[in-house]
file input00.pdb (PDB, C-alpha atoms)
ATOM      1  CA  MET A  99       6.348  64.407 -56.132  1.00  0.00           C
ATOM      2  CA  ARG A 100       4.585  66.806 -53.789  1.00  0.00           C
ATOM      3  CA  GLU A 101       6.359  69.442 -51.764  1.00  0.00           C
ATOM      4  CA  TRP A 102       5.124  71.359 -48.733  1.00  0.00           C
ATOM      5  CA  HIS A 103       6.694  74.425 -47.159  1.00  0.00           C
ATOM      6  CA  LEU A 104       5.769  75.139 -43.553  1.00  0.00           C
ATOM      7  CA  THR A 105       6.359  78.126 -41.346  1.00  0.00           C
ATOM      8  CA  ALA A 106       6.381  77.947 -37.555  1.00  0.00           C
ATOM      9  CA  THR A 107       6.225  80.789 -35.080  1.00  0.00           C
ATOM     10  CA  THR A 108       6.400  81.039 -31.321  1.00  0.00           C
ATOM     11  CA  ALA A 109       3.950  82.900 -29.102  1.00  0.00           C
ATOM     12  CA  GLU A 110       6.836  85.017 -27.832  1.00  0.00           C
ATOM     13  CA  LYS A 111      10.449  85.623 -28.870  1.00  0.00           C
ATOM     14  CA  LYS A 112      12.828  82.759 -28.094  1.00  0.00           C
ATOM     15  CA  LYS A 113      16.617  82.492 -28.373  1.00  0.00           C
ATOM     16  CA  GLY A 114      16.446  78.908 -29.592  1.00  0.00           C
ATOM     17  CA  MET A 115      13.976  76.439 -31.042  1.00  0.00           C
ATOM     18  CA  GLU A 116      14.126  72.704 -31.807  1.00  0.00           C
ATOM     19  CA  PHE A 117      12.112  70.945 -34.493  1.00  0.00           C
ATOM     20  CA  VAL A 118      11.529  67.236 -35.037  1.00  0.00           C
ATOM     21  CA  THR A 119      10.089  66.222 -38.405  1.00  0.00           C
ATOM     22  CA  LEU A 120       8.610  62.789 -39.072  1.00  0.00           C
ATOM     23  CA  TYR A 121       8.389  61.637 -42.700  1.00  0.00           C
ATOM     24  CA  ARG A 122       6.238  58.666 -43.657  1.00  0.00           C
ATOM     25  CA  PRO A 123       7.084  57.676 -47.238  1.00  0.00           C
ATOM     26  CA  HIS A 124       4.482  55.331 -48.707  1.00  0.00           C
ATOM     27  CA  ARG A 125       2.802  54.322 -51.944  1.00  0.00           C
ATOM     28  CA  THR A 126      -0.456  55.898 -53.010  1.00  0.00           C
ATOM     29  CA  GLY A 127      -3.319  53.850 -51.623  1.00  0.00           C
ATOM     30  CA  ASP A 128      -1.309  52.364 -48.728  1.00  0.00           C
ATOM     31  CA  LYS A 129      -2.912  52.726 -45.326  1.00  0.00           C
ATOM     32  CA  VAL A 130      -0.477  54.608 -43.084  1.00  0.00           C
ATOM     33  CA  PRO A 131      -0.947  54.485 -39.291  1.00  0.00           C
ATOM     34  CA  ASP A 132      -1.187  57.952 -37.793  1.00  0.00           C
ATOM     35  CA  GLU A 133      -0.044  57.064 -34.286  1.00  0.00           C
ATOM     36  CA  ALA A 134       3.141  58.801 -33.173  1.00  0.00           C
ATOM     37  CA  SER A 135       4.343  60.348 -29.929  1.00  0.00           C
ATOM     38  CA  LEU A 136       7.198  62.666 -29.060  1.00  0.00           C
ATOM     39  CA  GLU A 137       8.129  63.304 -25.464  1.00  0.00           C
ATOM     40  CA  GLN A 138      10.808  65.538 -24.059  1.00  0.00           C
ATOM     41  CA  ILE A 139      13.261  63.603 -21.895  1.00  0.00           C
ATOM     42  CA  LYS A 140      16.391  64.723 -20.064  1.00  0.00           C
ATOM     43  CA  GLY A 141      18.966  65.555 -22.749  1.00  0.00           C
ATOM     44  CA  GLY A 142      16.669  65.178 -25.757  1.00  0.00           C
ATOM     45  CA  TYR A 143      13.490  63.544 -27.004  1.00  0.00           C
ATOM     46  CA  GLY A 144      11.902  60.118 -27.199  1.00  0.00           C
ATOM     47  CA  LEU A 145      10.012  59.332 -30.430  1.00  0.00           C
ATOM     48  CA  LYS A 146       7.683  56.369 -30.911  1.00  0.00           C
ATOM     49  CA  VAL A 147       5.896  55.648 -34.206  1.00  0.00           C
ATOM     50  CA  LYS A 148       3.387  52.957 -35.164  1.00  0.00           C
ATOM     51  CA  LEU A 149       4.125  51.323 -38.529  1.00  0.00           C
ATOM     52  CA  SER A 150       1.838  49.206 -40.691  1.00  0.00           C
ATOM     53  CA  ASP A 151       3.997  46.154 -39.831  1.00  0.00           C
ATOM     54  CA  GLY A 152       5.493  47.102 -36.468  1.00  0.00           C
ATOM     55  CA  GLU A 153       6.938  50.001 -34.525  1.00  0.00           C
ATOM     56  CA  PHE A 154       9.835  52.472 -34.688  1.00  0.00           C
ATOM     57  CA  ALA A 155      11.339  54.126 -31.605  1.00  0.00           C
ATOM     58  CA  ALA A 156      14.240  56.545 -31.185  1.00  0.00           C
ATOM     59  CA  VAL A 157      16.033  58.661 -28.623  1.00  0.00           C
ATOM     60  CA  LEU A 158      17.189  61.966 -30.099  1.00  0.00           C
ATOM     61  CA  ALA A 159      19.993  63.693 -28.223  1.00  0.00           C
ATOM     62  CA  THR A 160      20.163  67.474 -27.902  1.00  0.00           C
ATOM     63  CA  ASP A 161      23.072  67.345 -25.455  1.00  0.00           C
ATOM     64  CA  GLU A 162      26.205  65.340 -26.320  1.00  0.00           C
ATOM     65  CA  SER A 163      26.917  64.530 -22.685  1.00  0.00           C
ATOM     66  CA  ALA A 164      23.417  63.433 -21.668  1.00  0.00           C
ATOM     67  CA  SER A 165      22.474  59.845 -20.922  1.00  0.00           C
ATOM     68  CA  LEU A 166      19.156  59.278 -22.678  1.00  0.00           C
ATOM     69  CA  ARG A 167      16.683  56.549 -21.813  1.00  0.00           C
ATOM     70  CA  ALA A 168      13.230  55.952 -23.309  1.00  0.00           C
ATOM     71  CA  PHE A 169      11.205  53.047 -24.741  1.00  0.00           C
ATOM     72  CA  GLY A 170      13.894  50.562 -23.675  1.00  0.00           C
ATOM     73  CA  LEU A 171      16.615  52.439 -25.581  1.00  0.00           C
ATOM     74  CA  LYS A 172      19.707  53.922 -23.926  1.00  0.00           C
ATOM     75  CA  SER A 173      22.239  56.311 -25.451  1.00  0.00           C
ATOM     76  CA  LYS A 174      25.049  58.610 -24.353  1.00  0.00           C
ATOM     77  CA  GLY A 175      24.620  61.859 -26.324  1.00  0.00           C
ATOM     78  CA  ALA A 176      23.740  60.211 -29.657  1.00  0.00           C
ATOM     79  CA  ILE A 177      20.712  59.154 -31.671  1.00  0.00           C
ATOM     80  CA  LYS A 178      19.671  55.533 -31.191  1.00  0.00           C
ATOM     81  CA  CYS A 179      16.841  53.873 -33.155  1.00  0.00           C
ATOM     82  CA  ARG A 180      14.975  50.567 -32.938  1.00  0.00           C
ATOM     83  CA  LEU A 181      12.849  49.074 -35.705  1.00  0.00           C
ATOM     84  CA  MET A 182      10.536  46.220 -34.725  1.00  0.00           C
ATOM     85  CA  ARG A 183       8.598  44.364 -37.412  1.00  0.00           C
ATOM     86  CA  ALA A 184       6.262  41.432 -36.955  1.00  0.00           C
ATOM     87  CA  GLY A 185       8.062  38.085 -37.052  1.00  0.00           C
ATOM     88  CA  ARG A 186      11.543  39.622 -37.305  1.00  0.00           C
ATOM     89  CA  PRO A 187      14.221  40.386 -34.727  1.00  0.00           C
ATOM     90  CA  ALA A 188      14.526  44.004 -33.610  1.00  0.00           C
ATOM     91  CA  GLU A 189      16.989  46.135 -35.576  1.00  0.00           C
ATOM     92  CA  ILE A 190      19.006  48.656 -33.530  1.00  0.00           C
ATOM     93  CA  LEU A 191      20.942  51.538 -35.081  1.00  0.00           C
ATOM     94  CA  GLY A 192      23.144  54.046 -33.228  1.00  0.00           C
ATOM     95  CA  LEU A 193      24.192  57.261 -34.961  1.00  0.00           C
ATOM     96  CA  GLU A 194      27.267  58.972 -33.567  1.00  0.00           C
ATOM     97  CA  GLU A 195      29.724  61.564 -34.879  1.00  0.00           C
TER      98      GLU A 195
END
call {"tool": "encode", "arguments": {"input": "input00.pdb", "output": "structure tokens"}}
result
Amino acid sequence: MREWHLTATTAEKKKGMEFVTLYRPHRTGDKVPDEASLEQIKGGYGLKVKLSDGEFAAVLATDESASLRAFGLKSKGAIKCRLMRAGRPAEILGLEE
């Protein structure tokens, strides 16, 4: 197992900061697509990731009362994910408290 420790700084002092980390577990020698996008949307973020056999998308809420909408996903203040793989129906997962 490898482990990395990262440090992030801002150009100027900030009262708050948000981080989104994308992990891509894979076997040694596997080709891993490097396409991913993160966009700030009202109430959170929209994340879209290319997979070797499909695509993953998510809306990530930063405000519990916000209505999020991106990549065909809708959520009210919660995380919602969609996994699409070739030849299989889309899998949708909503994560709420």
call {"tool": "resolve_selection", "arguments": {"input": "input00.pdb", "expression": "the PyMOL selection byres ((chain A and resi 133-146) around 12)", "output": "PDB file with C-alpha atoms, keeping the file's coordinate frame"}}
result
ATOM      1  CA  GLU A 116      14.126  72.704 -31.807  1.00  0.00           C
ATOM      2  CA  PHE A 117      12.112  70.945 -34.493  1.00  0.00           C
ATOM      3  CA  VAL A 118      11.529  67.236 -35.037  1.00  0.00           C
ATOM      4  CA  THR A 119      10.089  66.222 -38.405  1.00  0.00           C
ATOM      5  CA  LEU A 120       8.610  62.789 -39.072  1.00  0.00           C
ATOM      6  CA  TYR A 121       8.389  61.637 -42.700  1.00  0.00           C
ATOM      7  CA  ARG A 122       6.238  58.666 -43.657  1.00  0.00           C
ATOM      8  CA  VAL A 130      -0.477  54.608 -43.084  1.00  0.00           C
ATOM      9  CA  PRO A 131      -0.947  54.485 -39.291  1.00  0.00           C
ATOM     10  CA  ASP A 132      -1.187  57.952 -37.793  1.00  0.00           C
ATOM     11  CA  VAL A 147       5.896  55.648 -34.206  1.00  0.00           C
ATOM     12  CA  LYS A 148       3.387  52.957 -35.164  1.00  0.00           C
ATOM     13  CA  LEU A 149       4.125  51.323 -38.529  1.00  0.00           C
ATOM     14  CA  SER A 150       1.838  49.206 -40.691  1.00  0.00           C
ATOM     15  CA  GLY A 152       5.493  47.102 -36.468  1.00  0.00           C
ATOM     16  CA  GLU A 153       6.938  50.001 -34.525  1.00  0.00           C
ATOM     17  CA  PHE A 154       9.835  52.472 -34.688  1.00  0.00           C
ATOM     18  CA  ALA A 155      11.339  54.126 -31.605  1.00  0.00           C
ATOM     19  CA  ALA A 156      14.240  56.545 -31.185  1.00  0.00           C
ATOM     20  CA  VAL A 157      16.033  58.661 -28.623  1.00  0.00           C
ATOM     21  CA  LEU A 158      17.189  61.966 -30.099  1.00  0.00           C
ATOM     22  CA  ALA A 159      19.993  63.693 -28.223  1.00  0.00           C
ATOM     23  CA  THR A 160      20.163  67.474 -27.902  1.00  0.00           C
ATOM     24  CA  ASP A 161      23.072  67.345 -25.455  1.00  0.00           C
ATOM     25  CA  GLU A 162      26.205  65.340 -26.320  1.00  0.00           C
ATOM     26  CA  SER A 163      26.917  64.530 -22.685  1.00  0.00           C
ATOM     27  CA  ALA A 164      23.417  63.433 -21.668  1.00  0.00           C
ATOM     28  CA  SER A 165      22.474  59.845 -20.922  1.00  0.00           C
ATOM     29  CA  LEU A 166      19.156  59.278 -22.678  1.00  0.00           C
ATOM     30  CA  ARG A 167      16.683  56.549 -21.813  1.00  0.00           C
ATOM     31  CA  ALA A 168      13.230  55.952 -23.309  1.00  0.00           C
ATOM     32  CA  PHE A 169      11.205  53.047 -24.741  1.00  0.00           C
ATOM     33  CA  GLY A 170      13.894  50.562 -23.675  1.00  0.00           C
ATOM     34  CA  LEU A 171      16.615  52.439 -25.581  1.00  0.00           C
ATOM     35  CA  LYS A 172      19.707  53.922 -23.926  1.00  0.00           C
ATOM     36  CA  SER A 173      22.239  56.311 -25.451  1.00  0.00           C
ATOM     37  CA  LYS A 174      25.049  58.610 -24.353  1.00  0.00           C
ATOM     38  CA  GLY A 175      24.620  61.859 -26.324  1.00  0.00           C
ATOM     39  CA  ALA A 176      23.740  60.211 -29.657  1.00  0.00           C
ATOM     40  CA  ILE A 177      20.712  59.154 -31.671  1.00  0.00           C
ATOM     41  CA  LYS A 178      19.671  55.533 -31.191  1.00  0.00           C
ATOM     42  CA  CYS A 179      16.841  53.873 -33.155  1.00  0.00           C
ATOM     43  CA  ARG A 180      14.975  50.567 -32.938  1.00  0.00           C
ATOM     44  CA  LEU A 181      12.849  49.074 -35.705  1.00  0.00           C
ATOM     45  CA  MET A 182      10.536  46.220 -34.725  1.00  0.00           C
TER      46      MET A 182
END
call {"tool": "atom_distance", "arguments": {"input": "input00.pdb", "atom1": "CA of Thr126 (chain A)", "atom2": "CA of Leu104 (chain A)"}}
result
22.3 Å
call {"tool": "atom_distance", "arguments": {"input": "input00.pdb", "atom1": "CA of His103 (chain A)", "atom2": "CA of Leu193 (chain A)"}}
result
27.4 Å
call {"tool": "atom_distance", "arguments": {"input": "input00.pdb", "atom1": "CA of Asp128 (chain A)", "atom2": "CA of Asp151 (chain A)"}}
result
12.1 Å
